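Shown next: model18.tsv, given as TSV, C-alpha atoms.
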```
chain	number	residue	atom	x	y	z
A	1	MET	CA	0.00	0.00	0.00
A	2	PHE	CA	1.34	3.39	-0.91
A	3	VAL	CA	0.87	6.03	1.72
A	4	ASP	CA	1.73	9.60	0.82
A	5	ASP	CA	3.13	10.80	4.12
A	6	GLY	CA	4.19	14.21	2.85
A	7	GLY	CA	2.17	17.21	3.97
A	8	VAL	CA	0.37	19.55	1.65
A	9	LEU	CA	1.77	23.01	1.12
A	10	MET	CA	-0.77	25.31	2.71
A	11	ARG	CA	-1.14	29.08	2.76
A	12	VAL	CA	-2.96	30.38	5.84
A	13	LEU	CA	-4.10	33.92	6.58
A	14	GLY	CA	-4.27	34.51	10.33
A	15	ILE	CA	-6.40	37.30	11.79
A	16	ASP	CA	-6.07	38.72	15.31
A	17	PRO	CA	-9.37	40.63	15.36
A	18	GLY	CA	-9.82	44.08	16.86
A	19	LEU	CA	-11.78	47.23	16.15
A	20	THR	CA	-8.75	49.56	16.33
A	21	ARG	CA	-6.21	47.11	14.90
A	22	CYS	CA	-6.74	43.77	13.15
A	23	GLY	CA	-3.42	41.98	12.94
A	24	ILE	CA	-2.96	39.97	9.74
A	25	GLY	CA	-0.28	37.41	9.00
A	26	VAL	CA	0.08	35.15	5.99
A	27	VAL	CA	2.20	32.03	6.38
A	28	GLN	CA	2.93	29.23	3.97
A	29	GLY	CA	4.20	25.83	4.85
A	30	GLU	CA	3.69	22.22	5.67
A	31	PRO	CA	4.46	20.31	8.84
A	32	GLY	CA	8.05	19.24	9.30
A	33	ARG	CA	9.42	21.78	6.85
A	34	PRO	CA	10.55	25.35	7.49
A	35	LEU	CA	7.63	27.78	7.32
A	36	SER	CA	7.77	30.99	5.39
A	37	MET	CA	6.14	34.35	5.99
A	38	VAL	CA	4.29	35.64	2.92
A	39	ASP	CA	3.16	38.99	4.35
A	40	VAL	CA	2.25	40.66	7.62
A	41	GLY	CA	0.44	43.85	8.55
A	42	VAL	CA	-2.45	45.51	10.27
A	43	VAL	CA	-5.86	46.86	9.25
A	44	ARG	CA	-6.50	49.98	11.32
A	45	THR	CA	-9.64	52.03	11.84
A	46	ALA	CA	-10.01	55.48	13.39
A	47	ALA	CA	-11.50	55.56	16.89
A	48	ASP	CA	-13.55	58.69	16.10
A	49	LEU	CA	-15.61	56.99	13.37
A	50	PRO	CA	-18.96	55.32	14.13
A	51	VAL	CA	-18.53	51.61	14.84
A	52	ALA	CA	-20.58	50.61	11.77
A	53	GLN	CA	-18.17	52.48	9.49
A	54	ARG	CA	-15.16	51.03	11.26
A	55	LEU	CA	-16.52	47.54	10.67
A	56	VAL	CA	-17.02	48.31	6.98
A	57	GLN	CA	-13.37	49.46	6.81
A	58	ILE	CA	-12.31	46.19	8.43
A	59	GLU	CA	-14.38	44.26	5.90
A	60	THR	CA	-12.82	46.19	3.00
A	61	GLY	CA	-9.31	45.76	4.41
A	62	LEU	CA	-9.66	42.01	4.97
A	63	GLU	CA	-11.20	41.56	1.51
A	64	ALA	CA	-8.10	43.19	-0.01
A	65	TRP	CA	-5.74	40.93	1.96
A	66	ILE	CA	-7.59	37.77	0.95
A	67	GLU	CA	-7.85	38.96	-2.65
A	68	GLU	CA	-4.10	39.59	-2.80
A	69	HIS	CA	-2.86	36.47	-1.02
A	70	ARG	CA	-5.48	33.84	-1.93
A	71	PRO	CA	-5.07	31.74	1.24
A	72	ASP	CA	-6.24	28.12	1.43
A	73	ALA	CA	-7.71	28.77	4.87
A	74	VAL	CA	-8.32	31.58	7.33
A	75	ALA	CA	-7.58	31.26	11.05
A	76	VAL	CA	-9.24	33.69	13.46
A	77	GLU	CA	-8.46	34.08	17.16
A	78	ARG	CA	-11.34	32.86	19.26
A	79	VAL	CA	-12.55	35.68	21.49
A	80	PHE	CA	-13.90	35.05	24.97
A	81	ALA	CA	-16.40	37.15	26.88
A	82	GLN	CA	-14.13	37.01	29.94
A	83	HIS	CA	-11.59	39.25	28.19
A	84	ASN	CA	-11.35	43.00	28.68
A	85	VAL	CA	-15.01	44.01	28.95
A	86	ARG	CA	-14.40	47.49	27.57
A	87	THR	CA	-13.09	46.26	24.21
A	88	VAL	CA	-14.57	42.76	23.93
A	89	MET	CA	-17.70	43.77	22.03
A	90	GLY	CA	-15.71	45.51	19.29
A	91	THR	CA	-13.33	42.56	19.13
A	92	ALA	CA	-16.24	40.13	18.81
A	93	GLN	CA	-17.83	42.24	16.07
A	94	ALA	CA	-14.53	42.42	14.18
A	95	SER	CA	-14.11	38.64	14.50
A	96	GLY	CA	-17.63	38.16	13.08
A	97	ILE	CA	-16.71	40.29	10.06
A	98	ALA	CA	-13.49	38.30	9.59
A	99	MET	CA	-15.40	35.01	9.64
A	100	VAL	CA	-18.01	36.21	7.15
A	101	VAL	CA	-15.46	37.66	4.71
A	102	ALA	CA	-13.72	34.27	4.58
A	103	ALA	CA	-16.76	31.96	4.76
A	104	ARG	CA	-18.76	33.66	2.01
A	105	ARG	CA	-15.84	32.97	-0.36
A	106	GLY	CA	-16.04	29.33	0.61
A	107	LEU	CA	-12.74	29.45	2.49
A	108	PRO	CA	-12.41	27.15	5.51
A	109	VAL	CA	-12.49	29.22	8.72
A	110	ALA	CA	-10.81	27.88	11.84
A	111	MET	CA	-10.86	29.36	15.32
A	112	HIS	CA	-7.93	28.86	17.68
A	113	THR	CA	-7.81	30.04	21.28
A	114	PRO	CA	-4.91	32.13	22.57
A	115	SER	CA	-3.69	29.20	24.67
A	116	GLU	CA	-3.81	26.81	21.71
A	117	VAL	CA	-1.68	29.28	19.76
A	118	LYS	CA	0.78	29.73	22.63
A	119	ALA	CA	1.07	25.97	23.06
A	120	ALA	CA	1.55	25.39	19.34
A	121	VAL	CA	4.36	27.89	18.81
A	122	SER	CA	6.11	27.79	22.19
A	123	GLY	CA	5.19	24.47	23.73
A	124	SER	CA	3.36	26.12	26.63
A	125	GLY	CA	-0.22	27.41	26.79
A	126	ARG	CA	0.95	29.93	29.38
A	127	ALA	CA	3.75	31.49	27.35
A	128	ASP	CA	3.90	35.27	27.54
A	129	LYS	CA	3.68	37.69	24.61
A	130	ALA	CA	7.47	38.05	24.38
A	131	GLN	CA	7.99	34.28	24.16
A	132	VAL	CA	5.37	33.95	21.43
A	133	ALA	CA	6.93	36.82	19.47
A	134	ALA	CA	10.39	35.27	19.86
A	135	MET	CA	9.16	31.90	18.57
A	136	VAL	CA	7.34	33.52	15.62
A	137	THR	CA	10.57	35.33	14.73
A	138	ARG	CA	12.57	32.12	14.96
A	139	LEU	CA	10.09	29.84	13.17
A	140	LEU	CA	9.71	32.24	10.25
A	141	ARG	CA	13.45	33.06	10.27
A	142	LEU	CA	12.83	36.81	10.52
A	143	ASP	CA	15.45	39.40	11.49
A	144	ALA	CA	13.21	40.94	14.15
A	145	ALA	CA	9.81	40.35	15.75
A	146	PRO	CA	7.02	41.87	13.64
A	147	LYS	CA	5.36	44.93	15.21
A	148	PRO	CA	2.80	45.67	16.52
A	149	ALA	CA	1.99	42.67	18.74
A	150	ASP	CA	-1.30	42.12	16.83
A	151	ALA	CA	0.71	41.41	13.65
A	152	SER	CA	2.96	38.96	15.47
A	153	ASP	CA	-0.09	37.28	17.04
A	154	ALA	CA	-1.70	36.91	13.61
A	155	LEU	CA	1.42	35.13	12.33
A	156	ALA	CA	1.36	32.83	15.38
A	157	LEU	CA	-2.27	31.98	14.57
A	158	ALA	CA	-1.39	31.18	10.97
A	159	ILE	CA	1.55	28.98	12.06
A	160	THR	CA	-0.74	27.17	14.50
A	161	HIS	CA	-3.23	26.51	11.75
A	162	VAL	CA	-0.65	25.22	9.27
A	163	TRP	CA	0.39	22.66	11.90
A	164	ARG	CA	-3.00	21.81	13.37
A	165	GLY	CA	-4.85	22.01	10.07
A	166	ALA	CA	-2.35	19.75	8.40
A	167	ALA	CA	-2.53	17.26	11.28
A	168	ARG	CA	-6.31	17.21	10.98
A	169	THR	CA	-6.13	16.80	7.21
A	170	ARG	CA	-3.78	13.82	7.59
A	171	LEU	CA	-6.08	12.31	10.20
A	172	GLU	CA	-9.10	12.72	7.95
A	173	GLU	CA	-7.18	11.18	5.06
A	174	ALA	CA	-6.13	8.26	7.24
A	175	VAL	CA	-9.75	7.71	8.31
A	176	ALA	CA	-10.84	7.89	4.66
A	177	ARG	CA	-8.15	5.37	3.66
A	178	ALA	CA	-9.13	3.04	6.49
A	179	GLY	CA	-12.74	3.26	5.34
A	180	ALA	CA	-11.83	2.65	1.70
A	181	ALA	CA	-9.68	-0.41	2.65
A	182	ARG	CA	-12.56	-2.21	4.29
B	1	MET	CA	-40.10	82.90	9.56
B	2	PHE	CA	-41.70	79.71	8.31
B	3	VAL	CA	-40.97	76.63	10.36
B	4	ASP	CA	-42.02	73.30	8.97
B	5	ASP	CA	-42.98	71.54	12.17
B	6	GLY	CA	-44.24	68.39	10.46
B	7	GLY	CA	-42.09	65.31	10.78
B	8	VAL	CA	-40.70	63.35	7.88
B	9	LEU	CA	-42.21	59.99	7.07
B	10	MET	CA	-39.48	57.51	7.90
B	11	ARG	CA	-39.15	53.77	7.37
B	12	VAL	CA	-36.93	52.05	9.91
B	13	LEU	CA	-35.72	48.45	9.96
B	14	GLY	CA	-35.02	47.31	13.52
B	15	ILE	CA	-32.74	44.36	14.24
B	16	ASP	CA	-32.58	42.45	17.51
B	17	PRO	CA	-29.33	40.56	16.82
B	18	GLY	CA	-28.71	36.94	17.73
B	19	LEU	CA	-26.91	33.94	16.29
B	20	THR	CA	-29.89	31.59	16.56
B	21	ARG	CA	-32.60	34.19	15.86
B	22	CYS	CA	-32.29	37.75	14.58
B	23	GLY	CA	-35.58	39.55	15.12
B	24	ILE	CA	-36.47	41.98	12.33
B	25	GLY	CA	-39.22	44.59	12.39
B	26	VAL	CA	-39.98	47.27	9.81
B	27	VAL	CA	-41.96	50.28	10.97
B	28	GLN	CA	-43.02	53.39	9.10
B	29	GLY	CA	-44.12	56.63	10.66
B	30	GLU	CA	-43.44	60.09	11.90
B	31	PRO	CA	-43.71	61.51	15.42
B	32	GLY	CA	-47.19	62.47	16.56
B	33	ARG	CA	-48.93	60.29	13.98
B	34	PRO	CA	-50.01	56.66	14.25
B	35	LEU	CA	-47.18	54.31	13.30
B	36	SER	CA	-47.61	51.40	10.94
B	37	MET	CA	-45.95	48.02	10.80
B	38	VAL	CA	-44.58	47.18	7.35
B	39	ASP	CA	-43.29	43.69	8.09
B	40	VAL	CA	-41.94	41.57	10.91
B	41	GLY	CA	-40.04	38.28	11.09
B	42	VAL	CA	-36.96	36.41	12.11
B	43	VAL	CA	-33.76	35.24	10.43
B	44	ARG	CA	-32.87	31.86	11.91
B	45	THR	CA	-29.70	29.81	11.67
B	46	ALA	CA	-29.13	26.19	12.63
B	47	ALA	CA	-27.17	25.61	15.83
B	48	ASP	CA	-25.30	22.65	14.31
B	49	LEU	CA	-23.64	24.73	11.58
B	50	PRO	CA	-20.19	26.30	12.08
B	51	VAL	CA	-20.45	29.88	13.38
B	52	ALA	CA	-18.86	31.34	10.24
B	53	GLN	CA	-21.60	29.79	8.09
B	54	ARG	CA	-24.32	30.95	10.46
B	55	LEU	CA	-23.00	34.50	10.19
B	56	VAL	CA	-23.05	34.26	6.39
B	57	GLN	CA	-26.70	33.12	6.58
B	58	ILE	CA	-27.50	36.10	8.79
B	59	GLU	CA	-25.78	38.39	6.30
B	60	THR	CA	-27.77	36.90	3.40
B	61	GLY	CA	-31.03	37.09	5.34
B	62	LEU	CA	-30.56	40.71	6.39
B	63	GLU	CA	-29.55	41.69	2.84
B	64	ALA	CA	-32.84	40.26	1.57
B	65	TRP	CA	-34.88	42.19	4.16
B	66	ILE	CA	-33.15	45.48	3.37
B	67	GLU	CA	-33.43	44.83	-0.35
B	68	GLU	CA	-37.15	44.20	-0.06
B	69	HIS	CA	-38.09	47.02	2.32
B	70	ARG	CA	-35.60	49.77	1.43
B	71	PRO	CA	-35.53	51.38	4.89
B	72	ASP	CA	-34.29	54.95	5.45
B	73	ALA	CA	-32.36	53.84	8.51
B	74	VAL	CA	-31.43	50.69	10.42
B	75	ALA	CA	-31.61	50.45	14.21
B	76	VAL	CA	-29.65	47.72	15.99
B	77	GLU	CA	-29.90	46.79	19.64
B	78	ARG	CA	-26.72	47.72	21.49
B	79	VAL	CA	-25.25	44.61	23.09
B	80	PHE	CA	-23.40	44.73	26.39
B	81	ALA	CA	-20.67	42.40	27.56
B	82	GLN	CA	-22.47	42.07	30.91
B	83	HIS	CA	-25.27	40.08	29.25
B	84	ASN	CA	-25.49	36.31	29.21
B	85	VAL	CA	-21.83	35.29	28.81
B	86	ARG	CA	-22.68	32.04	27.03
B	87	THR	CA	-24.42	33.75	24.11
B	88	VAL	CA	-22.99	37.26	24.14
B	89	MET	CA	-20.16	36.58	21.68
B	90	GLY	CA	-22.54	35.24	19.02
B	91	THR	CA	-24.90	38.15	19.65
B	92	ALA	CA	-22.03	40.63	19.28
B	93	GLN	CA	-20.88	38.95	16.06
B	94	ALA	CA	-24.43	39.02	14.65
B	95	SER	CA	-24.75	42.71	15.57
B	96	GLY	CA	-21.47	43.42	13.76
B	97	ILE	CA	-22.84	41.75	10.62
B	98	ALA	CA	-26.08	43.76	10.90
B	99	MET	CA	-24.14	47.02	11.15
B	100	VAL	CA	-21.92	46.22	8.17
B	101	VAL	CA	-24.81	45.12	5.94
B	102	ALA	CA	-26.52	48.49	6.55
B	103	ALA	CA	-23.46	50.77	6.62
B	104	ARG	CA	-21.90	49.50	3.40
B	105	ARG	CA	-25.11	50.51	1.59
B	106	GLY	CA	-24.74	53.99	3.04
B	107	LEU	CA	-27.73	53.54	5.36
B	108	PRO	CA	-27.60	55.37	8.70
B	109	VAL	CA	-27.07	52.87	11.52
B	110	ALA	CA	-28.28	53.72	15.02
B	111	MET	CA	-27.73	51.75	18.20
B	112	HIS	CA	-30.27	51.87	21.01
B	113	THR	CA	-29.86	50.19	24.38
B	114	PRO	CA	-32.57	47.89	25.75
B	115	SER	CA	-33.46	50.48	28.42
B	116	GLU	CA	-33.73	53.27	25.84
B	117	VAL	CA	-36.14	51.08	23.89
B	118	LYS	CA	-38.19	50.20	26.98
B	119	ALA	CA	-38.37	53.86	28.01
B	120	ALA	CA	-39.36	54.98	24.50
B	121	VAL	CA	-42.24	52.54	24.03
B	122	SER	CA	-43.50	52.13	27.62
B	123	GLY	CA	-42.32	55.22	29.49
B	124	SER	CA	-40.11	53.18	31.81
B	125	GLY	CA	-36.56	51.93	31.26
B	126	ARG	CA	-37.37	49.04	33.58
B	127	ALA	CA	-40.46	47.76	31.79
B	128	ASP	CA	-40.61	43.99	31.45
B	129	LYS	CA	-40.86	42.02	28.20
B	130	ALA	CA	-44.64	41.67	28.46
B	131	GLN	CA	-45.15	45.42	28.86
B	132	VAL	CA	-42.95	46.17	25.87
B	133	ALA	CA	-44.80	43.60	23.74
B	134	ALA	CA	-48.16	45.04	24.86
B	135	MET	CA	-47.10	48.57	23.91
B	136	VAL	CA	-45.73	47.43	20.54
B	137	THR	CA	-49.06	45.74	19.85
B	138	ARG	CA	-50.99	48.87	20.84
B	139	LEU	CA	-48.75	51.40	19.05
B	140	LEU	CA	-48.85	49.45	15.79
B	141	ARG	CA	-52.57	48.60	16.24
B	142	LEU	CA	-51.95	44.87	15.86
B	143	ASP	CA	-54.42	42.14	16.80
B	144	ALA	CA	-51.85	40.26	18.85
B	145	ALA	CA	-48.25	40.62	20.01
B	146	PRO	CA	-45.80	39.45	17.32
B	147	LYS	CA	-44.00	36.22	18.16
B	148	PRO	CA	-41.26	35.33	18.96
B	149	ALA	CA	-40.09	37.98	21.46
B	150	ASP	CA	-37.14	38.80	19.20
B	151	ALA	CA	-39.55	39.95	16.49
B	152	SER	CA	-41.50	42.10	18.95
B	153	ASP	CA	-38.23	43.57	20.29
B	154	ALA	CA	-37.13	44.45	16.75
B	155	LEU	CA	-40.38	46.36	16.21
B	156	ALA	CA	-39.85	48.19	19.52
B	157	LEU	CA	-36.37	49.17	18.33
B	158	ALA	CA	-37.75	50.49	15.04
B	159	ILE	CA	-40.47	52.47	16.87
B	160	THR	CA	-37.82	53.94	19.19
B	161	HIS	CA	-35.76	55.01	16.23
B	162	VAL	CA	-38.65	56.63	14.37
B	163	TRP	CA	-39.26	58.75	17.47
B	164	ARG	CA	-35.69	59.43	18.53
B	165	GLY	CA	-34.35	59.73	14.98
B	166	ALA	CA	-37.06	62.21	14.09
B	167	ALA	CA	-36.38	64.22	17.26
B	168	ARG	CA	-32.70	64.36	16.40
B	169	THR	CA	-33.43	65.35	12.82
B	170	ARG	CA	-35.66	68.22	14.01
B	171	LEU	CA	-32.95	69.31	16.43
B	172	GLU	CA	-30.31	69.28	13.71
B	173	GLU	CA	-32.62	71.23	11.43
B	174	ALA	CA	-33.26	73.79	14.18
B	175	VAL	CA	-29.54	74.20	14.73
B	176	ALA	CA	-29.02	74.59	10.99
B	177	ARG	CA	-31.79	77.22	10.83
B	178	ALA	CA	-30.33	79.08	13.80
B	179	GLY	CA	-26.94	79.07	12.08
B	180	ALA	CA	-28.42	80.26	8.76
B	181	ALA	CA	-30.34	83.07	10.52
B	182	ARG	CA	-27.20	84.66	11.97
```
Step by step, read the file and then write its structure as structure tokens.
Amino acid sequence: MFVDDGGVLMRVLGIDPGLTRCGIGVVQGEPGRPLSMVDVGVVRTAADLPVAQRLVQIETGLEAWIEEHRPDAVAVERVFAQHNVRTVMGTAQASGIAMVVAARRGLPVAMHTPSEVKAAVSGSGRADKAQVAAMVTRLLRLDAAPKPADASDALALAITHVWRGAARTRLEEAVARAGAAR
Amino acid sequence: MFVDDGGVLMRVLGIDPGLTRCGIGVVQGEPGRPLSMVDVGVVRTAADLPVAQRLVQIETGLEAWIEEHRPDAVAVERVFAQHNVRTVMGTAQASGIAMVVAARRGLPVAMHTPSEVKAAVSGSGRADKAQVAAMVTRLLRLDAAPKPADASDALALAITHVWRGAARTRLEEAVARAGAAR
């Protein structure tokens, strides 16, 4: 029986949602091989605009990123209500926009929690921001940690999804093969 | 000096956001005149679908309502993080979608808090659900309270906005007149 054990090259766009700043990081790779950063940046909106307009700007900004980089999947940070109460509603609204922009194009949307991301890139779900940034810099072989932190966090999300997504894909393929062999 | 004290006939689409049910109510009217209900209903999504797909369904549903009824403004219930923690994130995401669907068409988007809505339709910010539903039924001269509660709440939001929006418009006009008269 021939089993293709190689991963599939995957391009993931990670989004760290926020009303003031949405971090965006695009990473390409496959498990077990060096990852590469395709692009990184931030979609910003002005705090003095009405929230509805800020959300439209986020939608337009994310559309442009997806249009330019054509990812295979989008990973969005899962937001919890326990977070900073003052900003959590805007963050949740921005995450909803991110999910819709991806899903209505038929792109797979995955949510990863902050501790899943920390564990994936640093080995510990309790890693601090500096550790995560240091690992992102190392894993993507960058000269310096991307700024601001939202951009670095978006790259960490994308890295997490390349690894977790690929693992899940292999698992699904294995299940499919097992089923087909019966 | 001639002052046009008559209101402007306004059609408002109210949205009570939610991931499982978005209440929608369309009301037409002007202050000091009987209001009329144009339409009322609910956009539902299935709980077993991924959140991203549910949000796309909400987007599609709201688009269809706005397309059909061509409101002059959209009023969305303002969600607070203090609400039910289990459902608040989905509610916030749905409200973000509602705001974007309206704002990207250039429609004015207003947010009203639950207590503003209660005070506007019943005279008390602490009115209970039954009182609000009873007042909605009376103000729109309906035979029975619209079901489910989300639909009734969306009508209450739209009524609130017809009244508050019109008051604000008159105020802005008065300020503009005062400025022009100098």
Residues of chain A within 10 Å of chain B, all atoms listed in the file counted, as a PDB file with C-alpha atoms, in the coordinates of the input:
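Final output, out.pdb:
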```pdb
ATOM      1  CA  PRO A  50     -18.960  55.320  14.130  1.00  0.00           C
ATOM      2  CA  VAL A  51     -18.530  51.610  14.840  1.00  0.00           C
ATOM      3  CA  ALA A  52     -20.580  50.610  11.770  1.00  0.00           C
ATOM      4  CA  GLN A  53     -18.170  52.480   9.490  1.00  0.00           C
ATOM      5  CA  ARG A  54     -15.160  51.030  11.260  1.00  0.00           C
ATOM      6  CA  LEU A  55     -16.520  47.540  10.670  1.00  0.00           C
ATOM      7  CA  VAL A  56     -17.020  48.310   6.980  1.00  0.00           C
ATOM      8  CA  GLN A  57     -13.370  49.460   6.810  1.00  0.00           C
ATOM      9  CA  ILE A  58     -12.310  46.190   8.430  1.00  0.00           C
ATOM     10  CA  GLU A  59     -14.380  44.260   5.900  1.00  0.00           C
ATOM     11  CA  THR A  60     -12.820  46.190   3.000  1.00  0.00           C
ATOM     12  CA  ARG A  78     -11.340  32.860  19.260  1.00  0.00           C
ATOM     13  CA  VAL A  79     -12.550  35.680  21.490  1.00  0.00           C
ATOM     14  CA  PHE A  80     -13.900  35.050  24.970  1.00  0.00           C
ATOM     15  CA  ALA A  81     -16.400  37.150  26.880  1.00  0.00           C
ATOM     16  CA  GLN A  82     -14.130  37.010  29.940  1.00  0.00           C
ATOM     17  CA  HIS A  83     -11.590  39.250  28.190  1.00  0.00           C
ATOM     18  CA  ASN A  84     -11.350  43.000  28.680  1.00  0.00           C
ATOM     19  CA  VAL A  85     -15.010  44.010  28.950  1.00  0.00           C
ATOM     20  CA  ARG A  86     -14.400  47.490  27.570  1.00  0.00           C
ATOM     21  CA  THR A  87     -13.090  46.260  24.210  1.00  0.00           C
ATOM     22  CA  VAL A  88     -14.570  42.760  23.930  1.00  0.00           C
ATOM     23  CA  MET A  89     -17.700  43.770  22.030  1.00  0.00           C
ATOM     24  CA  GLY A  90     -15.710  45.510  19.290  1.00  0.00           C
ATOM     25  CA  THR A  91     -13.330  42.560  19.130  1.00  0.00           C
ATOM     26  CA  ALA A  92     -16.240  40.130  18.810  1.00  0.00           C
ATOM     27  CA  GLN A  93     -17.830  42.240  16.070  1.00  0.00           C
ATOM     28  CA  ALA A  94     -14.530  42.420  14.180  1.00  0.00           C
ATOM     29  CA  SER A  95     -14.110  38.640  14.500  1.00  0.00           C
ATOM     30  CA  GLY A  96     -17.630  38.160  13.080  1.00  0.00           C
ATOM     31  CA  ILE A  97     -16.710  40.290  10.060  1.00  0.00           C
ATOM     32  CA  ALA A  98     -13.490  38.300   9.590  1.00  0.00           C
ATOM     33  CA  MET A  99     -15.400  35.010   9.640  1.00  0.00           C
ATOM     34  CA  VAL A 100     -18.010  36.210   7.150  1.00  0.00           C
ATOM     35  CA  VAL A 101     -15.460  37.660   4.710  1.00  0.00           C
ATOM     36  CA  ALA A 102     -13.720  34.270   4.580  1.00  0.00           C
ATOM     37  CA  ALA A 103     -16.760  31.960   4.760  1.00  0.00           C
ATOM     38  CA  ARG A 104     -18.760  33.660   2.010  1.00  0.00           C
ATOM     39  CA  ARG A 105     -15.840  32.970  -0.360  1.00  0.00           C
ATOM     40  CA  GLY A 106     -16.040  29.330   0.610  1.00  0.00           C
ATOM     41  CA  PRO A 108     -12.410  27.150   5.510  1.00  0.00           C
ATOM     42  CA  VAL A 109     -12.490  29.220   8.720  1.00  0.00           C
ATOM     43  CA  ALA A 110     -10.810  27.880  11.840  1.00  0.00           C
ATOM     44  CA  MET A 111     -10.860  29.360  15.320  1.00  0.00           C
TER      45      MET A 111
END
```
_Env of stretch 141-156 of chain A: 6 Å cut, atoms = only C-alpha atoms, seq-sep filter 3 positions within chain, self excluded. Answer as a list of chain:residue names._
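Returned residues: A:Gly14, A:Ile15, A:Asp16, A:Gly23, A:Ile24, A:Gly25, A:Gly41, A:Ala133, A:Thr137, A:Arg138, A:Ile159.
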*asked:* With 8 Å as the threshold, what does the neighbourhood of (-0.9, 35.1, 22.9) contain in terms of residues, counting all atoms listed in the file? Coordinates are those of the file; answer as an MDAnalysis selection string.
replied: chainID A and resid 114:115 117:118 127:129 132 153
*asked:* Calculated over all atoms listed in the file, which of the candidates A:His69, A:Arg126, A:His112, A:Arg21 has the smallest distance to A:Trp163?
replied: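 Looking at the shortest contact to A:Trp163, the residue is A:His112.
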*Measure the distance from atom CA of B:Gly123 to atom CA of B:Glu30 in Å and round it to one decimal.*
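One can read the atom CA of B:Gly123 to atom CA of B:Glu30 distance as 18.3 Å.
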_atom CA of B:Gly29 to atom CA of B:Val12, straight-line distance in Å_ =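 So the two atoms, atom CA of B:Val12 and atom CA of B:Gly29, lie 8.6 Å apart.
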*Between atom CA of B:Glu77 and atom CA of B:Thr113, measure the distance and give it in Å to one decimal.*
5.8 Å
*Spatial sel., origin (-36.9, 57.5, 9.4), limit 12 Å, only C-alpha atoms, listed as JSON, numbers by chain*: {"B": [7, 8, 9, 10, 11, 12, 13, 14, 26, 27, 28, 29, 30, 31, 35, 70, 71, 72, 73, 74, 75, 107, 108, 109, 110, 158, 159, 160, 161, 162, 163, 164, 165, 166, 167, 168, 169, 170]}
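Shell of B:Leu140 at 8 Å, with all atoms listed in the file counted and residues fewer than 6 places along the chain excluded, is Pro34, Leu35, Ser36 and Met37 of chain B.
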*Counting only C-alpha atoms, figure out which residue out of A:Val76, A:Ile66, A:Ala120, A:Leu19 gets nearest to A:Asp48.*
A:Leu19
